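*Asks:* Got a structure for you, written out below as structure tokens; questions coming shortly.
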Amino acid sequence: MDTLTPFPRPDLSVFDAARARQNQLTKPPGSLGVLEDVACRFAAWQRRVKPAPLAPAITVFAADHGVAEDGVSAFPQAVTAEMVKNFAAGGAAICVLARANAARLEVVDVGVAFPLDAALPIVHAKVAKGSANLAREAALTDEQLAAALEAGAAAARRAIDAGAKLLVAGDMGIANTTPSAALICAYAGLAIDDVVGRGTGVDDAGLARKRAAVAAGLARVDGQHLSPMQTLAELGGLEIAAIAGFYLEGARLSVPSLVDGFIATAAALAACRIEPALGDWLMASHVSQETGHALAIQALGLTPLVDLRMRLGEGSGAAVCLPLIAQAIALHNEMATFAEAGVSDAL
């Protein structure tokens with residue numbers, strides 16, 4: 001992953017020009033609400049007053065987590081590999097949503113613990129067979145972190161080379177809400193009880209184990225004055241790091257990302273702490289039902305487009321928002337101005 005090239009910025013002069021166009025369209029100014037903001041942001045990102053039609057690419061990163069051994073998930077770790085096979089067969093929710101939105105879909109194994117057939121139609125980029133247990137030791141070595149970040153960056157480059165103008169990262173990894181919660185607590189300074197939720201549906205005992213694991217991880221690194229990158233290595237996971245690399249590389253290549261749910265937001269928070277300018281290239285899709293997600297979005301300084309009470313992951317919440325964004329761009333580009341329609345602008 002390139003860490004030397006200066007980070008680009010959206011073109012604010014194009015944003016202003018797009019806003020001026022919005023004010024000339026045949027409607028009361030501001031009457032399309034957030035849709036106007038969305039279109040103007042895409043104009044600034046693409047540096048064209050009329051942005052190109054939406055061309056989304058969804059990449060799902062899969063990995064396992066050592067902290068699963070502490071009983072923090074309602075599902076066994078084998079489910080990660082089983083779901084990757086389901087993705088490859090086209091049967092998962094994100095597969096359906098990708099088809100419905102004509103979105104490019106790629107699945108990347110960066111750290112699934114169980115073996116996967118080399119013939120499976122996914123990207124085989126396994127860094128390790130899962131992370132270490134963050135409650136007891138660093139989840140990732142420096143070398144593993146670097147490899148995961150690069151796997152995410154490479155996925156972003158593939159998507160952009162294929163024509164993507166918007167990136168969506170999805171996740172698959174049993175127990176991955178635990179490292180995500182730990183990262184959100186560490187980066188945003190939030191209380192464990194405000195962030196750690198039930199994930200895939202753990203009972204009260206499971207929730208207590210999950211909170212204890214996060215508390216142990218945070219206590220283990222307390223007082224170490226870690227850099228954002230070191231925090232990601234200590235408390236994160238391979239797919240979380242890959243998503244962070246995905247976001248960073250997309251922005252470096254001037255392509256924005258639509259942030260999905262709890263895990264994707266934890267990755268975005270990590271990436272923004274590593275490179276604060278990344279925040280200009282992110283849009284929040286939805287607010288998850290998972291405890292702490294709304295607080296994590298606030299820590300990013302973003303506002304979600306919708307609240308549909310979703311908590312699936314996989315990139316599904318972001319994918320559901322793609323038609324909304326496509327319509328915002330179409331309205332901006334195709335509506336007539338008052339002058340073009342011969343309509344008085346005194347609405």
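Within each chain, counting starts at residue 1; across the structure tokens, chains are named A, B, ... in the order shown, with ligands numbered 1 upward in that order.
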Quick one: which range 92-115 of chain A residues come within 12 Å of range 161-164 of chain A, and what is the nearest atom pair for each with the distance in Å to one decimal, counting only C-alpha atoms, rows ordered by chain and ascending number, as CSV?
*Replies:*
residue,atom,partner,partner_atom,distance
A:Ala102,CA,A:Ala164,CA,11.4
A:Ala103,CA,A:Ala164,CA,8.8
A:Arg104,CA,A:Ala164,CA,8.1
A:Leu105,CA,A:Ala164,CA,10.8
A:Glu106,CA,A:Ala162,CA,11.6
*Asks:* Can you spit out the residues from that selection as a short mmCIF file (atom, residue, chain, number, x, y, z; two decimals), in the first residue's frame, using C-alpha atoms?
*Replies:*
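As written to disk, again-v7.cif reads:
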data_model
loop_
_atom_site.label_atom_id
_atom_site.label_comp_id
_atom_site.auth_asym_id
_atom_site.auth_seq_id
_atom_site.Cartn_x
_atom_site.Cartn_y
_atom_site.Cartn_z
CA ALA A 102 -25.43 -4.55 -11.11
CA ALA A 103 -22.47 -4.21 -8.75
CA ARG A 104 -19.16 -5.97 -9.17
CA LEU A 105 -18.73 -8.46 -6.31
CA GLU A 106 -15.48 -9.97 -5.11
#
*Asks:* So that I can check the surroundings of Ala89 in chain A, please list as a list in words every protein, DNA and RNA residue that reaches within 12 Å of it, counting only C-alpha atoms and ignoring chain neighbours fewer than 5 positions away.
*Replies:*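 In the requested form, the answer reads Glu82, Met83, Val84, Ile94, Cys95, Val96, Glu106, Val107, Leu120, Pro121 and Ile122 of chain A.
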*Asks:* Just to confirm, what's the straight-line distance from CA of Ala81 in chain A to CA of Leu312 in chain A in Å (one decimal)?
*Replies:* 16.7 Å
*Asks:* With a cut-off of 12 Å, could you pull out the residues of range 131-193 of chain A touching range 63-75 of chain A and give me the nearest pair of atoms for each, distance in Å to one decimal, using only C-alpha atoms, ordered by chain and ascending number, as CSV?
*Replies:*
residue,atom,partner,partner_atom,distance
A:Ser131,CA,A:His65,CA,4.8
A:Ala132,CA,A:Gly66,CA,4.5
A:Asn133,CA,A:Gly66,CA,4.1
A:Leu134,CA,A:Val67,CA,6.1
A:Ala135,CA,A:Val67,CA,6.8
A:Arg136,CA,A:Val67,CA,8.8
A:Glu137,CA,A:Gly66,CA,9.9
A:Ala138,CA,A:Gly66,CA,10.3
A:Ala139,CA,A:Gly66,CA,7.6
A:Leu140,CA,A:His65,CA,10.1
A:Ala148,CA,A:Ala63,CA,10.3
A:Gly170,CA,A:Ala63,CA,11.6
A:Asp171,CA,A:Ala63,CA,8.3
A:Met172,CA,A:Ala63,CA,6.6
A:Gly173,CA,A:Ala63,CA,5.0
A:Ile174,CA,A:Asp64,CA,6.1
A:Ala175,CA,A:Ser73,CA,5.2
A:Asn176,CA,A:His65,CA,6.7
A:Thr177,CA,A:Ser73,CA,8.7
A:Thr178,CA,A:Val72,CA,7.3
A:Pro179,CA,A:Val67,CA,8.1
A:Ser180,CA,A:His65,CA,11.0
A:Ala181,CA,A:Val72,CA,11.9
A:Ala182,CA,A:Val67,CA,11.4
*Asks:* DSSP on the backbone, then: every residue of range 54-231 of chain A marked helix (DSSP H, G or I), written as number ranges by chain.
*Replies:* A: 66-70, 78-89, 93-100, 142-161, 177-188, 192-195, 204-221, 228-231
*Asks:* For C-alpha atoms, I'd like the residues from the last selection saved as a PDB file, in the first residue's frame.
*Replies:*
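Final output, saved to part.pdb:
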ATOM      1  CA  GLY A  66      -8.647 -15.963  18.006  1.00  0.00           C
ATOM      2  CA  VAL A  67     -10.961 -14.334  20.525  1.00  0.00           C
ATOM      3  CA  ALA A  68     -13.703 -16.700  19.330  1.00  0.00           C
ATOM      4  CA  GLU A  69     -12.211 -19.269  21.715  1.00  0.00           C
ATOM      5  CA  ASP A  70     -13.561 -17.172  24.598  1.00  0.00           C
ATOM      6  CA  ALA A  78     -16.495 -23.031  11.041  1.00  0.00           C
ATOM      7  CA  VAL A  79     -19.349 -20.807   9.860  1.00  0.00           C
ATOM      8  CA  THR A  80     -16.857 -18.306   8.395  1.00  0.00           C
ATOM      9  CA  ALA A  81     -15.617 -20.815   5.826  1.00  0.00           C
ATOM     10  CA  GLU A  82     -19.133 -22.096   5.206  1.00  0.00           C
ATOM     11  CA  MET A  83     -20.370 -18.584   4.482  1.00  0.00           C
ATOM     12  CA  VAL A  84     -17.456 -17.907   2.132  1.00  0.00           C
ATOM     13  CA  LYS A  85     -18.584 -20.940   0.151  1.00  0.00           C
ATOM     14  CA  ASN A  86     -22.118 -19.533   0.174  1.00  0.00           C
ATOM     15  CA  PHE A  87     -20.792 -16.218  -1.182  1.00  0.00           C
ATOM     16  CA  ALA A  88     -18.953 -18.067  -3.923  1.00  0.00           C
ATOM     17  CA  ALA A  89     -22.155 -19.904  -4.848  1.00  0.00           C
ATOM     18  CA  ALA A  93     -27.671 -11.645   0.977  1.00  0.00           C
ATOM     19  CA  ILE A  94     -24.839  -9.561  -0.433  1.00  0.00           C
ATOM     20  CA  CYS A  95     -24.807 -11.681  -3.586  1.00  0.00           C
ATOM     21  CA  VAL A  96     -28.487 -10.968  -4.156  1.00  0.00           C
ATOM     22  CA  LEU A  97     -27.978  -7.245  -3.516  1.00  0.00           C
ATOM     23  CA  ALA A  98     -24.953  -7.087  -5.806  1.00  0.00           C
ATOM     24  CA  ARG A  99     -26.954  -8.639  -8.627  1.00  0.00           C
ATOM     25  CA  ALA A 100     -29.899  -6.317  -7.985  1.00  0.00           C
ATOM     26  CA  ASP A 142       3.334  -6.064  12.258  1.00  0.00           C
ATOM     27  CA  GLU A 143       3.971  -8.233   9.206  1.00  0.00           C
ATOM     28  CA  GLN A 144       0.432  -9.622   9.224  1.00  0.00           C
ATOM     29  CA  LEU A 145      -1.013  -6.129   9.545  1.00  0.00           C
ATOM     30  CA  ALA A 146       1.021  -4.869   6.605  1.00  0.00           C
ATOM     31  CA  ALA A 147      -0.022  -7.850   4.480  1.00  0.00           C
ATOM     32  CA  ALA A 148      -3.702  -7.401   5.331  1.00  0.00           C
ATOM     33  CA  LEU A 149      -3.597  -3.682   4.559  1.00  0.00           C
ATOM     34  CA  GLU A 150      -1.993  -4.472   1.201  1.00  0.00           C
ATOM     35  CA  ALA A 151      -4.577  -7.173   0.451  1.00  0.00           C
ATOM     36  CA  GLY A 152      -7.275  -4.548   0.936  1.00  0.00           C
ATOM     37  CA  ALA A 153      -5.404  -2.005  -1.156  1.00  0.00           C
ATOM     38  CA  ALA A 154      -4.948  -4.525  -3.956  1.00  0.00           C
ATOM     39  CA  ALA A 155      -8.678  -5.264  -3.907  1.00  0.00           C
ATOM     40  CA  ALA A 156      -9.437  -1.558  -4.226  1.00  0.00           C
ATOM     41  CA  ARG A 157      -7.101  -1.287  -7.209  1.00  0.00           C
ATOM     42  CA  ARG A 158      -8.762  -4.257  -8.907  1.00  0.00           C
ATOM     43  CA  ALA A 159     -12.199  -2.735  -8.405  1.00  0.00           C
ATOM     44  CA  ILE A 160     -11.137   0.676  -9.685  1.00  0.00           C
ATOM     45  CA  ASP A 161      -9.297  -0.810 -12.667  1.00  0.00           C
ATOM     46  CA  THR A 177     -17.823  -7.677  16.403  1.00  0.00           C
ATOM     47  CA  THR A 178     -15.529  -8.231  19.404  1.00  0.00           C
ATOM     48  CA  PRO A 179     -12.338  -6.762  17.870  1.00  0.00           C
ATOM     49  CA  SER A 180     -14.464  -4.118  16.184  1.00  0.00           C
ATOM     50  CA  ALA A 181     -15.881  -3.070  19.550  1.00  0.00           C
ATOM     51  CA  ALA A 182     -12.404  -3.026  21.078  1.00  0.00           C
ATOM     52  CA  LEU A 183     -11.123  -0.782  18.284  1.00  0.00           C
ATOM     53  CA  ILE A 184     -14.074   1.597  18.559  1.00  0.00           C
ATOM     54  CA  CYS A 185     -13.581   1.869  22.316  1.00  0.00           C
ATOM     55  CA  ALA A 186      -9.853   2.490  21.887  1.00  0.00           C
ATOM     56  CA  TYR A 187     -10.061   5.005  19.034  1.00  0.00           C
ATOM     57  CA  ALA A 188     -13.117   6.922  20.234  1.00  0.00           C
ATOM     58  CA  ILE A 192     -17.322  -0.817  26.870  1.00  0.00           C
ATOM     59  CA  ASP A 193     -20.985  -1.123  27.864  1.00  0.00           C
ATOM     60  CA  ASP A 194     -21.898   1.570  25.315  1.00  0.00           C
ATOM     61  CA  VAL A 195     -20.197  -0.240  22.448  1.00  0.00           C
ATOM     62  CA  ASP A 204     -26.574 -12.676  28.504  1.00  0.00           C
ATOM     63  CA  ALA A 205     -23.714 -14.994  29.453  1.00  0.00           C
ATOM     64  CA  GLY A 206     -22.191 -14.596  26.005  1.00  0.00           C
ATOM     65  CA  LEU A 207     -22.516 -10.827  26.217  1.00  0.00           C
ATOM     66  CA  ALA A 208     -20.706 -10.879  29.558  1.00  0.00           C
ATOM     67  CA  ARG A 209     -17.886 -12.971  28.046  1.00  0.00           C
ATOM     68  CA  LYS A 210     -17.677 -10.580  25.120  1.00  0.00           C
ATOM     69  CA  ARG A 211     -17.436  -7.528  27.359  1.00  0.00           C
ATOM     70  CA  ALA A 212     -14.810  -9.279  29.459  1.00  0.00           C
ATOM     71  CA  ALA A 213     -12.737 -10.069  26.367  1.00  0.00           C
ATOM     72  CA  VAL A 214     -12.864  -6.457  25.189  1.00  0.00           C
ATOM     73  CA  ALA A 215     -12.022  -5.234  28.684  1.00  0.00           C
ATOM     74  CA  ALA A 216      -9.053  -7.600  28.830  1.00  0.00           C
ATOM     75  CA  GLY A 217      -7.764  -6.433  25.478  1.00  0.00           C
ATOM     76  CA  LEU A 218      -8.093  -2.772  26.383  1.00  0.00           C
ATOM     77  CA  ALA A 219      -6.457  -3.344  29.793  1.00  0.00           C
ATOM     78  CA  ARG A 220      -3.588  -5.189  28.124  1.00  0.00           C
ATOM     79  CA  VAL A 221      -2.651  -2.157  26.019  1.00  0.00           C
ATOM     80  CA  PRO A 228      -3.252   4.175  15.341  1.00  0.00           C
ATOM     81  CA  MET A 229      -1.455   1.466  13.360  1.00  0.00           C
ATOM     82  CA  GLN A 230      -0.252  -0.268  16.522  1.00  0.00           C
ATOM     83  CA  THR A 231      -3.764  -0.146  17.976  1.00  0.00           C
TER      84      THR A 231
END
